[in-house]
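Q: My structure is in model_11.cif, and what it holds is mmCIF, C-alpha atoms (C1' of nucleotides):
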```
data_target
#
loop_
_atom_site.group_PDB
_atom_site.id
_atom_site.type_symbol
_atom_site.label_atom_id
_atom_site.label_comp_id
_atom_site.auth_asym_id
_atom_site.auth_seq_id
_atom_site.Cartn_x
_atom_site.Cartn_y
_atom_site.Cartn_z
ATOM 1 C CA MET E 1 84.028 150.286 -49.169
ATOM 2 C CA LYS E 2 82.931 147.131 -50.887
ATOM 3 C CA PRO E 3 83.067 147.190 -54.661
ATOM 4 C CA GLU E 4 79.335 146.864 -55.237
ATOM 5 C CA GLU E 5 78.265 149.917 -53.341
ATOM 6 C CA LYS E 6 78.349 152.750 -55.753
ATOM 7 C CA LEU E 7 75.208 154.484 -56.809
ATOM 8 C CA THR E 8 76.323 155.442 -60.287
ATOM 9 C CA ARG E 9 74.430 157.818 -62.543
ATOM 10 C CA GLN E 10 72.718 154.921 -64.277
ATOM 11 C CA ARG E 11 71.734 153.175 -61.057
ATOM 12 C CA ASP E 12 70.464 156.393 -59.611
ATOM 13 C CA ALA E 13 68.409 157.093 -62.714
ATOM 14 C CA VAL E 14 66.750 153.680 -62.369
ATOM 15 C CA LEU E 15 66.127 154.252 -58.673
ATOM 16 C CA GLN E 16 64.596 157.665 -59.295
ATOM 17 C CA VAL E 17 62.231 156.251 -61.889
ATOM 18 C CA ILE E 18 60.966 153.680 -59.412
ATOM 19 C CA ARG E 19 60.716 156.190 -56.579
ATOM 20 C CA SER E 20 58.864 158.689 -58.708
ATOM 21 C CA ARG E 21 56.066 156.339 -59.598
ATOM 22 C CA GLU E 22 52.994 155.295 -57.740
ATOM 23 C CA ASP E 23 52.631 152.175 -59.845
ATOM 24 C CA HIS E 24 54.882 149.153 -60.285
ATOM 25 C CA PRO E 25 56.757 149.496 -63.545
ATOM 26 C CA THR E 26 58.349 146.663 -65.498
ATOM 27 C CA ALA E 27 62.011 146.645 -66.522
ATOM 28 C CA ASN E 28 60.981 147.807 -69.961
ATOM 29 C CA GLU E 29 58.930 150.714 -68.610
ATOM 30 C CA ILE E 30 61.833 151.685 -66.382
ATOM 31 C CA PHE E 31 64.168 151.567 -69.365
ATOM 32 C CA GLN E 32 61.879 153.826 -71.390
ATOM 33 C CA ALA E 33 61.611 156.338 -68.559
ATOM 34 C CA ALA E 34 65.302 156.248 -67.635
ATOM 35 C CA ARG E 35 66.516 156.900 -71.157
ATOM 36 C CA GLN E 36 64.627 160.187 -71.182
ATOM 37 C CA HIS E 37 67.080 161.438 -68.580
ATOM 38 C CA LEU E 38 70.052 159.388 -69.667
ATOM 39 C CA PRO E 39 69.637 158.697 -73.376
ATOM 40 C CA THR E 40 72.623 156.369 -73.677
ATOM 41 C CA ILE E 41 71.566 153.960 -70.936
ATOM 42 C CA SER E 42 71.231 150.414 -72.180
ATOM 43 C CA TYR E 43 68.722 147.717 -71.463
ATOM 44 C CA ALA E 44 71.365 145.532 -69.865
ATOM 45 C CA THR E 45 72.304 148.331 -67.515
ATOM 46 C CA VAL E 46 68.725 148.652 -66.381
ATOM 47 C CA TYR E 47 68.758 144.969 -65.485
ATOM 48 C CA ASN E 48 72.160 145.247 -63.825
ATOM 49 C CA SER E 49 70.993 148.272 -61.875
ATOM 50 C CA LEU E 50 67.812 146.549 -60.789
ATOM 51 C CA ARG E 51 69.838 143.639 -59.459
ATOM 52 C CA PHE E 52 72.148 146.032 -57.635
ATOM 53 C CA LEU E 53 69.263 148.004 -56.142
ATOM 54 C CA LYS E 54 67.490 144.832 -55.067
ATOM 55 C CA GLU E 55 70.585 143.523 -53.325
ATOM 56 C CA ALA E 56 71.093 146.886 -51.663
ATOM 57 C CA GLY E 57 67.510 146.687 -50.411
ATOM 58 C CA LEU E 58 66.486 149.878 -52.180
ATOM 59 C CA VAL E 59 63.794 148.386 -54.346
ATOM 60 C CA HIS E 60 61.650 145.292 -54.282
ATOM 61 C CA GLU E 61 60.962 142.923 -57.135
ATOM 62 C CA ILE E 62 57.494 141.478 -57.585
ATOM 63 C CA LYS E 63 57.192 138.393 -59.732
ATOM 64 C CA PHE E 64 53.947 136.846 -60.736
ATOM 65 C CA GLY E 65 53.939 134.164 -63.328
ATOM 66 C CA ASP E 66 52.301 136.386 -65.912
ATOM 67 C CA GLY E 67 54.706 138.501 -67.924
ATOM 68 C CA ALA E 68 57.496 140.681 -66.677
ATOM 69 C CA SER E 69 58.657 141.346 -63.131
ATOM 70 C CA ARG E 70 57.473 144.577 -61.609
ATOM 71 C CA TYR E 71 59.477 146.809 -59.337
ATOM 72 C CA ASP E 72 58.278 148.432 -56.163
ATOM 73 C CA ARG E 73 59.720 151.337 -54.196
ATOM 74 C CA GLU E 74 58.159 149.862 -51.045
ATOM 75 C CA THR E 75 60.767 147.550 -49.536
ATOM 76 C CA ASP E 76 59.113 146.655 -46.258
ATOM 77 C CA ARG E 77 57.327 143.329 -46.128
ATOM 78 C CA HIS E 78 53.877 143.601 -47.649
ATOM 79 C CA ASP E 79 51.266 141.769 -49.645
ATOM 80 C CA HIS E 80 49.693 142.284 -53.052
ATOM 81 C CA ALA E 81 46.296 142.361 -54.654
ATOM 82 C CA ILE E 82 45.988 141.875 -58.408
ATOM 83 C CA CYS E 83 42.932 142.698 -60.447
ATOM 84 C CA ASN E 84 41.829 139.816 -62.631
ATOM 85 C CA ASP E 85 40.268 142.249 -65.090
ATOM 86 C CA CYS E 86 42.773 145.076 -65.631
ATOM 87 C CA GLY E 87 45.925 143.678 -64.012
ATOM 88 C CA LYS E 88 46.207 146.529 -61.510
ATOM 89 C CA LEU E 89 48.573 145.737 -58.674
ATOM 90 C CA VAL E 90 48.064 147.204 -55.208
ATOM 91 C CA ASP E 91 50.227 146.940 -52.090
ATOM 92 C CA PHE E 92 48.808 146.394 -48.644
ATOM 93 C CA ASP E 93 50.016 144.953 -45.386
ATOM 94 C CA LEU E 94 48.361 142.277 -43.329
ATOM 95 C CA PRO E 95 49.420 142.695 -39.705
ATOM 96 C CA GLN E 96 48.698 139.041 -38.946
ATOM 97 C CA ALA E 97 51.556 138.039 -41.282
ATOM 98 C CA ALA E 98 53.841 137.008 -38.426
ATOM 99 C CA ASP E 99 51.250 134.567 -37.110
ATOM 100 C CA LEU E 100 50.615 133.279 -40.577
ATOM 101 C CA MET E 101 54.257 132.559 -41.080
ATOM 102 C CA LYS E 102 54.314 130.481 -37.935
ATOM 103 C CA ALA E 103 51.210 128.570 -38.932
ATOM 104 C CA ALA E 104 52.584 127.934 -42.414
ATOM 105 C CA ALA E 105 55.926 126.798 -40.986
ATOM 106 C CA ARG E 106 54.177 124.346 -38.702
ATOM 107 C CA LYS E 107 52.117 122.873 -41.558
ATOM 108 C CA SER E 108 54.972 122.623 -44.029
ATOM 109 C CA LYS E 109 57.741 121.774 -41.575
ATOM 110 C CA PHE E 110 59.916 124.423 -43.210
ATOM 111 C CA GLN E 111 62.110 126.793 -41.286
ATOM 112 C CA PRO E 112 60.402 130.053 -42.214
ATOM 113 C CA ALA E 113 62.135 133.007 -43.822
ATOM 114 C CA SER E 114 59.255 135.061 -45.237
ATOM 115 C CA VAL E 115 55.598 134.836 -46.172
ATOM 116 C CA HIS E 116 53.814 136.570 -48.946
ATOM 117 C CA LEU E 117 50.137 136.668 -49.627
ATOM 118 C CA THR E 118 48.444 137.384 -52.953
ATOM 119 C CA LEU E 119 44.826 138.303 -53.318
ATOM 120 C CA ARG E 120 43.222 137.958 -56.724
ATOM 121 C CA GLY E 121 39.952 139.693 -57.392
ATOM 122 C CA THR E 122 38.419 142.794 -58.903
ATOM 123 C CA CYS E 123 39.728 146.276 -58.182
ATOM 124 C CA PRO E 124 37.353 149.098 -57.184
ATOM 125 C CA ASP E 125 37.477 150.691 -60.658
ATOM 126 C CA CYS E 126 36.657 147.497 -62.498
ATOM 127 C CA ARG E 127 33.916 146.688 -60.026
ATOM 128 C CA LYS E 128 32.043 149.837 -61.062
ATOM 129 C CA ALA E 129 32.323 149.075 -64.761
ATOM 130 C CA MET R 1 29.089 117.287 -76.162
ATOM 131 C CA LYS R 2 31.067 120.504 -76.264
ATOM 132 C CA PRO R 3 34.077 120.473 -78.538
ATOM 133 C CA GLU R 4 36.693 120.912 -75.831
ATOM 134 C CA GLU R 5 35.784 117.920 -73.750
ATOM 135 C CA LYS R 6 37.652 115.019 -75.146
ATOM 136 C CA LEU R 7 40.377 113.378 -73.203
ATOM 137 C CA THR R 8 42.487 112.309 -76.148
ATOM 138 C CA ARG R 9 45.406 109.927 -75.847
ATOM 139 C CA GLN R 10 47.849 112.834 -75.656
ATOM 140 C CA ARG R 11 45.871 114.694 -73.014
ATOM 141 C CA ASP R 12 45.453 111.560 -70.991
ATOM 142 C CA ALA R 13 49.180 110.842 -71.173
ATOM 143 C CA VAL R 14 49.893 114.326 -69.805
ATOM 144 C CA LEU R 15 47.313 113.884 -67.056
ATOM 145 C CA GLN R 16 48.724 110.501 -66.072
ATOM 146 C CA VAL R 17 52.230 111.922 -65.800
ATOM 147 C CA ILE R 18 51.019 114.615 -63.410
ATOM 148 C CA ARG R 19 48.887 112.188 -61.405
ATOM 149 C CA SER R 20 51.702 109.692 -61.083
ATOM 150 C CA ARG R 21 54.112 112.107 -59.492
ATOM 151 C CA GLU R 22 54.481 113.347 -55.967
ATOM 152 C CA ASP R 23 56.409 116.394 -57.102
ATOM 153 C CA HIS R 24 55.404 119.310 -59.288
ATOM 154 C CA PRO R 25 56.868 118.819 -62.743
ATOM 155 C CA THR R 26 57.455 121.555 -65.304
ATOM 156 C CA ALA R 27 56.053 121.405 -68.841
ATOM 157 C CA ASN R 28 59.428 120.199 -70.023
ATOM 158 C CA GLU R 29 59.582 117.399 -67.461
ATOM 159 C CA ILE R 30 56.051 116.378 -68.381
ATOM 160 C CA PHE R 31 57.027 116.333 -72.044
ATOM 161 C CA GLN R 32 60.023 114.091 -71.330
ATOM 162 C CA ALA R 33 57.918 111.675 -69.300
ATOM 163 C CA ALA R 34 54.952 111.652 -71.694
ATOM 164 C CA ARG R 35 57.052 110.842 -74.745
ATOM 165 C CA GLN R 36 58.197 107.631 -73.102
ATOM 166 C CA HIS R 37 54.639 106.373 -73.434
ATOM 167 C CA LEU R 38 53.721 108.289 -76.562
ATOM 168 C CA PRO R 39 56.957 108.887 -78.469
ATOM 169 C CA THR R 40 55.406 111.101 -81.143
ATOM 170 C CA ILE R 41 53.849 113.626 -78.778
ATOM 171 C CA SER R 42 55.059 117.143 -79.428
ATOM 172 C CA TYR R 43 55.997 119.942 -77.106
ATOM 173 C CA ALA R 44 53.153 122.092 -78.350
ATOM 174 C CA THR R 45 50.669 119.347 -77.580
ATOM 175 C CA VAL R 46 51.917 119.181 -74.012
ATOM 176 C CA TYR R 47 51.191 122.885 -73.678
ATOM 177 C CA ASN R 48 47.824 122.530 -75.386
ATOM 178 C CA SER R 49 46.958 119.596 -73.147
ATOM 179 C CA LEU R 50 48.008 121.459 -70.035
ATOM 180 C CA ARG R 51 45.716 124.320 -70.979
ATOM 181 C CA PHE R 52 42.871 121.906 -71.619
ATOM 182 C CA LEU R 53 43.423 120.080 -68.325
ATOM 183 C CA LYS R 54 43.608 123.343 -66.420
ATOM 184 C CA GLU R 55 40.370 124.576 -67.901
ATOM 185 C CA ALA R 56 38.739 121.257 -67.148
ATOM 186 C CA GLY R 57 39.888 121.632 -63.534
ATOM 187 C CA LEU R 58 41.916 118.428 -63.625
ATOM 188 C CA VAL R 59 45.290 119.963 -62.853
ATOM 189 C CA HIS R 60 46.523 123.122 -61.237
ATOM 190 C CA GLU R 61 49.225 125.446 -62.530
ATOM 191 C CA ILE R 62 51.676 126.982 -60.098
ATOM 192 C CA LYS R 63 53.629 130.007 -61.265
ATOM 193 C CA PHE R 64 56.409 131.593 -59.349
ATOM 194 C CA GLY R 65 58.481 134.217 -60.999
ATOM 195 C CA ASP R 66 61.514 131.943 -61.130
ATOM 196 C CA GLY R 67 61.631 129.698 -64.139
ATOM 197 C CA ALA R 68 58.923 127.539 -65.577
ATOM 198 C CA SER R 69 55.386 126.924 -64.341
ATOM 199 C CA ARG R 70 54.893 123.765 -62.362
ATOM 200 C CA TYR R 71 51.850 121.528 -62.482
ATOM 201 C CA ASP R 72 50.051 120.042 -59.541
ATOM 202 C CA ARG R 73 47.595 117.162 -59.383
ATOM 203 C CA GLU R 74 46.037 118.777 -56.308
ATOM 204 C CA THR R 75 43.282 121.063 -57.570
ATOM 205 C CA ASP R 76 41.695 122.137 -54.298
ATOM 206 C CA ARG R 77 42.734 125.520 -52.932
ATOM 207 C CA HIS R 78 46.028 125.275 -51.105
ATOM 208 C CA ASP R 79 49.238 127.092 -50.293
ATOM 209 C CA HIS R 80 52.892 126.504 -51.094
ATOM 210 C CA ALA R 81 56.229 126.447 -49.351
ATOM 211 C CA ILE R 82 59.402 126.816 -51.414
ATOM 212 C CA CYS R 83 62.876 125.982 -50.179
ATOM 213 C CA ASN R 84 65.328 128.821 -50.709
ATOM 214 C CA ASP R 85 68.192 126.330 -50.886
ATOM 215 C CA CYS R 86 67.054 123.460 -53.113
ATOM 216 C CA GLY R 87 63.881 124.831 -54.674
ATOM 217 C CA LYS R 88 61.669 122.058 -53.290
ATOM 218 C CA LEU R 89 57.992 122.894 -53.488
ATOM 219 C CA VAL R 90 55.537 121.552 -50.924
ATOM 220 C CA ASP R 91 51.735 121.862 -50.755
ATOM 221 C CA PHE R 92 49.871 122.565 -47.568
ATOM 222 C CA ASP R 93 46.564 124.077 -46.603
ATOM 223 C CA LEU R 94 45.988 126.876 -44.166
ATOM 224 C CA PRO R 95 42.461 126.589 -42.796
ATOM 225 C CA GLN R 96 42.347 130.276 -41.916
ATOM 226 C CA ALA R 97 42.495 131.152 -45.624
ATOM 227 C CA ALA R 98 38.854 132.234 -45.755
ATOM 228 C CA ASP R 99 39.413 134.771 -42.987
ATOM 229 C CA LEU R 100 42.587 135.941 -44.621
ATOM 230 C CA MET R 101 40.801 136.574 -47.841
ATOM 231 C CA LYS R 102 38.286 138.758 -46.063
ATOM 232 C CA ALA R 103 41.022 140.694 -44.259
ATOM 233 C CA ALA R 104 42.953 141.172 -47.489
ATOM 234 C CA ALA R 105 39.832 142.308 -49.322
ATOM 235 C CA ARG R 106 39.114 144.870 -46.624
ATOM 236 C CA LYS R 107 42.661 146.282 -46.779
ATOM 237 C CA SER R 108 42.903 146.377 -50.551
ATOM 238 C CA LYS R 109 39.267 147.279 -51.286
ATOM 239 C CA PHE R 110 39.209 144.554 -53.931
ATOM 240 C CA GLN R 111 36.311 142.207 -54.424
ATOM 241 C CA PRO R 112 38.033 138.949 -53.534
ATOM 242 C CA ALA R 113 38.194 135.913 -55.784
ATOM 243 C CA SER R 114 41.024 133.863 -54.260
ATOM 244 C CA VAL R 115 43.993 134.100 -51.934
ATOM 245 C CA HIS R 116 47.243 132.293 -52.111
ATOM 246 C CA LEU R 117 50.001 132.235 -49.588
ATOM 247 C CA THR R 118 53.654 131.420 -50.214
ATOM 248 C CA LEU R 119 56.126 130.564 -47.516
ATOM 249 C CA ARG R 120 59.805 130.842 -48.310
ATOM 250 C CA GLY R 121 62.294 129.151 -46.062
ATOM 251 C CA THR R 122 64.387 126.021 -45.646
ATOM 252 C CA CYS R 123 62.969 122.552 -46.145
ATOM 253 C CA PRO R 124 63.570 119.812 -43.548
ATOM 254 C CA ASP R 125 66.235 118.111 -45.701
ATOM 255 C CA CYS R 126 68.254 121.262 -46.270
ATOM 256 C CA ARG R 127 67.963 122.207 -42.633
ATOM 257 C CA LYS R 128 69.875 119.061 -41.653
ATOM 258 C CA ALA R 129 72.658 119.711 -44.166
ATOM 259 C "C1'" DC G 1 99.769 158.800 -64.867
ATOM 260 C "C1'" DA G 2 100.012 153.636 -65.379
ATOM 261 C "C1'" DA G 3 97.690 149.654 -63.817
ATOM 262 C "C1'" DT G 4 93.658 147.488 -61.744
ATOM 263 C "C1'" DT G 5 89.177 147.013 -61.030
ATOM 264 C "C1'" DA G 6 84.370 148.069 -61.745
ATOM 265 C "C1'" DA G 7 80.541 149.505 -64.661
ATOM 266 C "C1'" DT G 8 78.387 150.161 -69.029
ATOM 267 C "C1'" DT G 9 77.274 149.038 -73.656
ATOM 268 C "C1'" DA G 10 75.362 146.481 -77.752
ATOM 269 C "C1'" DG G 11 74.088 142.656 -79.273
ATOM 270 C "C1'" DA G 12 73.983 137.542 -79.143
ATOM 271 C "C1'" DA G 13 72.103 133.765 -76.563
ATOM 272 C "C1'" DT G 14 68.792 131.451 -73.642
ATOM 273 C "C1'" DT G 15 64.383 130.081 -71.743
ATOM 274 C "C1'" DA G 16 59.575 129.526 -71.465
ATOM 275 C "C1'" DG G 17 55.817 129.712 -73.887
ATOM 276 C "C1'" DT G 18 52.700 130.841 -78.004
ATOM 277 C "C1'" DC G 19 51.437 130.875 -82.825
ATOM 278 C "C1'" DT G 20 50.884 129.126 -87.483
ATOM 279 C "C1'" DA G 21 49.949 126.244 -91.169
ATOM 280 C "C1'" DA G 22 49.878 121.721 -92.707
ATOM 281 C "C1'" DA G 23 48.734 116.986 -91.600
ATOM 282 C "C1'" DT G 24 45.772 113.620 -88.926
ATOM 283 C "C1'" DA G 25 42.108 112.089 -86.638
ATOM 284 C "C1'" DT G 26 37.369 112.088 -85.276
ATOM 285 C "C1'" DA G 27 32.526 112.980 -85.814
ATOM 286 C "C1'" DT G 28 28.355 114.034 -88.626
ATOM 287 C "C1'" DA G 29 25.340 113.953 -92.687
ATOM 288 C "C1'" DC G 30 23.791 111.934 -96.262
ATOM 289 C "C1'" DG Y 1 30.517 103.832 -95.865
ATOM 290 C "C1'" DT Y 2 32.028 108.004 -98.322
ATOM 291 C "C1'" DA Y 3 32.136 113.080 -98.175
ATOM 292 C "C1'" DT Y 4 32.259 116.996 -95.329
ATOM 293 C "C1'" DA Y 5 33.106 119.437 -91.348
ATOM 294 C "C1'" DT Y 6 35.323 119.999 -87.059
ATOM 295 C "C1'" DA Y 7 38.926 119.123 -83.702
ATOM 296 C "C1'" DT Y 8 43.531 117.839 -82.587
ATOM 297 C "C1'" DT Y 9 48.264 117.192 -83.275
ATOM 298 C "C1'" DT Y 10 52.606 118.215 -85.172
ATOM 299 C "C1'" DA Y 11 57.025 120.681 -86.271
ATOM 300 C "C1'" DG Y 12 58.992 124.494 -86.390
ATOM 301 C "C1'" DA Y 13 58.952 129.561 -86.506
ATOM 302 C "C1'" DC Y 14 58.258 133.285 -83.438
ATOM 303 C "C1'" DT Y 15 57.980 136.343 -79.211
ATOM 304 C "C1'" DA Y 16 58.975 138.276 -74.743
ATOM 305 C "C1'" DA Y 17 61.737 138.544 -70.747
ATOM 306 C "C1'" DT Y 18 65.976 138.059 -69.135
ATOM 307 C "C1'" DT Y 19 70.898 136.776 -68.988
ATOM 308 C "C1'" DC Y 20 75.418 136.394 -70.911
ATOM 309 C "C1'" DT Y 21 79.555 137.900 -73.401
ATOM 310 C "C1'" DA Y 22 83.121 140.537 -75.007
ATOM 311 C "C1'" DA Y 23 84.606 145.010 -75.930
ATOM 312 C "C1'" DT Y 24 84.649 149.805 -74.190
ATOM 313 C "C1'" DT Y 25 84.580 153.350 -70.857
ATOM 314 C "C1'" DA Y 26 85.000 155.152 -66.251
ATOM 315 C "C1'" DA Y 27 86.823 155.248 -61.721
ATOM 316 C "C1'" DT Y 28 90.330 154.117 -58.190
ATOM 317 C "C1'" DT Y 29 94.790 153.052 -56.390
ATOM 318 C "C1'" DG Y 30 99.740 152.732 -56.083
#
```
What do you get writing this file as structure tokens?
A:
Amino acid sequence: MKPEEKLTRQRDAVLQVIRSREDHPTANEIFQAARQHLPTISYATVYNSLRFLKEAGLVHEIKFGDGASRYDRETDRHDHAICNDCGKLVDFDLPQAADLMKAAARKSKFQPASVHLTLRGTCPDCRKA
Amino acid sequence: MKPEEKLTRQRDAVLQVIRSREDHPTANEIFQAARQHLPTISYATVYNSLRFLKEAGLVHEIKFGDGASRYDRETDRHDHAICNDCGKLVDFDLPQAADLMKAAARKSKFQPASVHLTLRGTCPDCRKA
DNA sequence: CAATTAATTAGAATTAGTCTAAATATATAC
DNA sequence: GTATATATTTAGACTAATTCTAATTAATTG
């Protein structure tokens, strides 16, 4: 077994926090939640665990320019919508992504690895208000 | 004339740096270049100027999670390709973006404002090497 | 169980960016 | 054109997110 393959108590605590939530918590929110189960866990360990879990393909990191990274239990390829008003982040999948990747590769002359699409707009809740 | 509409020497220096470059410099790179023409310009003024120029629609800010924002002289809607090896950032435009936005809005139930697509892969130079 | 190796911890360090208060510059009113 | 008001710039302090470091603890192997 390779060294980096152990799901320690700390790593599991971080994973369970992410899996238990519908939303997309930040490292800080994960730290706050994890320490309720494991009071001695440190901030650095949360970051180390997140890196481990990402590399193991168990969680997905979402980075927008604004503020902290968010973490997602959904690891399959998917896209995101962000509300310009309240910041809400929603996952969805665009089935035409494979075609898009080809079109983008042709335009840019890059050898494609992945595509990701971000919609900015107003979420249903904020639209009402 | 509204207060925030003057293209001062500092703001113009920042704008000229961005317009003179093919690439997408960071705030720090812009600062280094601008001070060659205007040695007393401060870091804070570069940031202030970038905000002003963005709001005036004269430059475009590109934020990926990794590292600093980059600034783009191209202000029309467009997409980006990033090289996973060397970090090179290339602009291109996908004409089907309008359709994509509609499809994404339908899936996410958001009222759409803009879409942006990011291709990750290997740039032509890195592909050779 | 002694020796390695891996993981965790606490806190310092780093990076990107913002804020603040004082100093300059520009514009407006007499 | 001088006084007043408003805008802009400056330098440096500050903040937030993340990474690094060195010491400690836990786990694994011979």
Q: Compute the set of chain R residues within 9 Å of chain G, using only C-alpha atoms (C1' of nucleotides), and express it as a PyMOL selection string.
A: chain R and resi 44+47+67-69
Q: Deliver the residues from the most recent selection as a file, using C-alpha atoms, as a PDB file, in the coordinates of the input.
A:
```
ATOM      1  CA  ALA R  44      53.153 122.092 -78.350  1.00  0.00           C
ATOM      2  CA  TYR R  47      51.191 122.885 -73.678  1.00  0.00           C
ATOM      3  CA  GLY R  67      61.631 129.698 -64.139  1.00  0.00           C
ATOM      4  CA  ALA R  68      58.923 127.539 -65.577  1.00  0.00           C
ATOM      5  CA  SER R  69      55.386 126.924 -64.341  1.00  0.00           C
TER       6      SER R  69
END
```
Q: Need to verify the contact set: His24 in chain R, 12 Å, all atoms listed in the file, exclusion of same-chain residues closer than 4 positions in sequence. Can you return it as a count of residues only?
A: 26
Q: Grab the C1' of DT9 in chain Y to CA of Ser42 in chain R distance for me, in Å with one decimal place.
A: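 Between C1' of DT9 in chain Y and CA of Ser42 in chain R the gap is 7.8 Å.
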Q: For this file, the PyMOL selection byres ((chain Y) within 10 of (chain E)) selects which residues, as a list of chain:residue names?
A: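 Going through the file, the PyMOL selection byres ((chain Y) within 10 of (chain E)) ends up selecting Y:DA16, Y:DA17, Y:DT18, Y:DT19.
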Q: So, with only C-alpha atoms as the atoms that count, which of R:Phe31, R:Gly65, R:Arg106, R:Gly57 lies closest to chain E?
A: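 Closest residue, counting only C-alpha atoms: R:Gly65.
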Q: Wanna dump the chain E-chain R contacts at 9 Å for me, each residue with its shortest atom pair and the distance in Å to one decimal, counting only C-alpha atoms, ordered by chain and number, as a tab-separated table?
A:
```
residue	atom	partner	partner_atom	distance
E:Ile62	CA	R:Gly65	CA	8.1
E:Lys63	CA	R:Gly65	CA	4.6
E:Phe64	CA	R:Gly65	CA	5.2
E:Gly65	CA	R:Lys63	CA	4.7
E:Asp66	CA	R:Lys63	CA	8.0
E:Gly67	CA	R:Gly65	CA	9.0
E:Ala68	CA	R:Gly65	CA	8.7
E:Ser69	CA	R:Gly65	CA	7.4
E:Asp79	CA	R:Ala104	CA	8.6
E:His80	CA	R:Ser108	CA	8.3
E:Ala81	CA	R:Ser108	CA	6.7
E:Ile82	CA	R:Phe110	CA	8.6
E:Cys83	CA	R:Phe110	CA	7.7
E:Asn84	CA	R:Ala113	CA	8.7
E:Val90	CA	R:Ser108	CA	7.0
E:Asp91	CA	R:Ser108	CA	7.5
E:Phe92	CA	R:Ser108	CA	6.2
E:Asp93	CA	R:Lys107	CA	7.6
E:Leu94	CA	R:Ala104	CA	6.9
E:Gln96	CA	R:Leu100	CA	8.9
E:Leu100	CA	R:Leu94	CA	8.7
E:Met101	CA	R:Leu119	CA	7.0
E:Ala103	CA	R:Leu94	CA	7.6
E:Ala104	CA	R:Leu119	CA	6.7
E:Ala105	CA	R:Leu119	CA	7.5
E:Lys107	CA	R:Phe92	CA	6.4
E:Ser108	CA	R:Phe92	CA	6.2
E:Lys109	CA	R:Pro124	CA	6.5
E:Phe110	CA	R:Cys123	CA	4.6
E:Gln111	CA	R:Thr122	CA	5.0
E:Pro112	CA	R:Gly121	CA	4.4
E:Ala113	CA	R:Gly121	CA	4.5
E:Ser114	CA	R:Arg120	CA	5.2
E:Val115	CA	R:Leu119	CA	4.5
E:His116	CA	R:Thr118	CA	5.3
E:Leu117	CA	R:Leu117	CA	4.4
E:Thr118	CA	R:His116	CA	5.3
E:Leu119	CA	R:Val115	CA	4.5
E:Arg120	CA	R:Ser114	CA	5.3
E:Gly121	CA	R:Pro112	CA	4.4
E:Thr122	CA	R:Gln111	CA	5.0
E:Cys123	CA	R:Phe110	CA	4.6
E:Pro124	CA	R:Phe110	CA	5.9
E:Arg127	CA	R:Gln111	CA	7.6
```
Q: What is the CA of Thr26 in chain E to CA of Thr40 in chain E distance in Å?
A: 19.1 Å
Q: Only C-alpha atoms (C1' of nucleotides), please: chain G from the block, as a PDB file, in the first residue's frame.
A:
```pdb
ATOM      1  C1'  DC G   1      10.235  -3.231  21.248  1.00  0.00           C
ATOM      2  C1'  DA G   2      13.573  -0.277  18.579  1.00  0.00           C
ATOM      3  C1'  DA G   3      13.813   2.138  14.361  1.00  0.00           C
ATOM      4  C1'  DT G   4      11.543   4.203  10.382  1.00  0.00           C
ATOM      5  C1'  DT G   5       8.174   6.480   8.314  1.00  0.00           C
ATOM      6  C1'  DA G   6       3.907   9.030   8.147  1.00  0.00           C
ATOM      7  C1'  DA G   7       0.592  12.243  10.126  1.00  0.00           C
ATOM      8  C1'  DT G   8      -0.678  15.874  13.184  1.00  0.00           C
ATOM      9  C1'  DT G   9      -0.032  20.046  15.651  1.00  0.00           C
ATOM     10  C1'  DA G  10       0.737  25.088  16.633  1.00  0.00           C
ATOM     11  C1'  DG G  11       2.278  28.809  15.103  1.00  0.00           C
ATOM     12  C1'  DA G  12       5.194  31.519  11.888  1.00  0.00           C
ATOM     13  C1'  DA G  13       5.472  32.931   7.156  1.00  0.00           C
ATOM     14  C1'  DT G  14       3.698  34.133   2.655  1.00  0.00           C
ATOM     15  C1'  DT G  15       0.695  36.091  -0.818  1.00  0.00           C
ATOM     16  C1'  DA G  16      -2.804  38.870  -2.699  1.00  0.00           C
ATOM     17  C1'  DG G  17      -5.417  42.396  -1.825  1.00  0.00           C
ATOM     18  C1'  DT G  18      -7.768  46.147   1.063  1.00  0.00           C
ATOM     19  C1'  DC G  19      -7.888  49.907   4.331  1.00  0.00           C
ATOM     20  C1'  DT G  20      -6.426  54.125   6.600  1.00  0.00           C
ATOM     21  C1'  DA G  21      -4.774  58.537   7.351  1.00  0.00           C
ATOM     22  C1'  DA G  22      -1.873  61.977   5.748  1.00  0.00           C
ATOM     23  C1'  DA G  23      -0.178  64.436   1.742  1.00  0.00           C
ATOM     24  C1'  DT G  24      -1.009  66.165  -3.112  1.00  0.00           C
ATOM     25  C1'  DA G  25      -3.406  67.549  -6.766  1.00  0.00           C
ATOM     26  C1'  DT G  26      -7.378  69.301  -9.103  1.00  0.00           C
ATOM     27  C1'  DA G  27     -11.609  71.846  -9.511  1.00  0.00           C
ATOM     28  C1'  DT G  28     -14.986  75.385  -7.936  1.00  0.00           C
ATOM     29  C1'  DA G  29     -16.553  79.691  -5.793  1.00  0.00           C
ATOM     30  C1'  DC G  30     -15.914  83.911  -4.774  1.00  0.00           C
TER      31       DC G  30
END
```
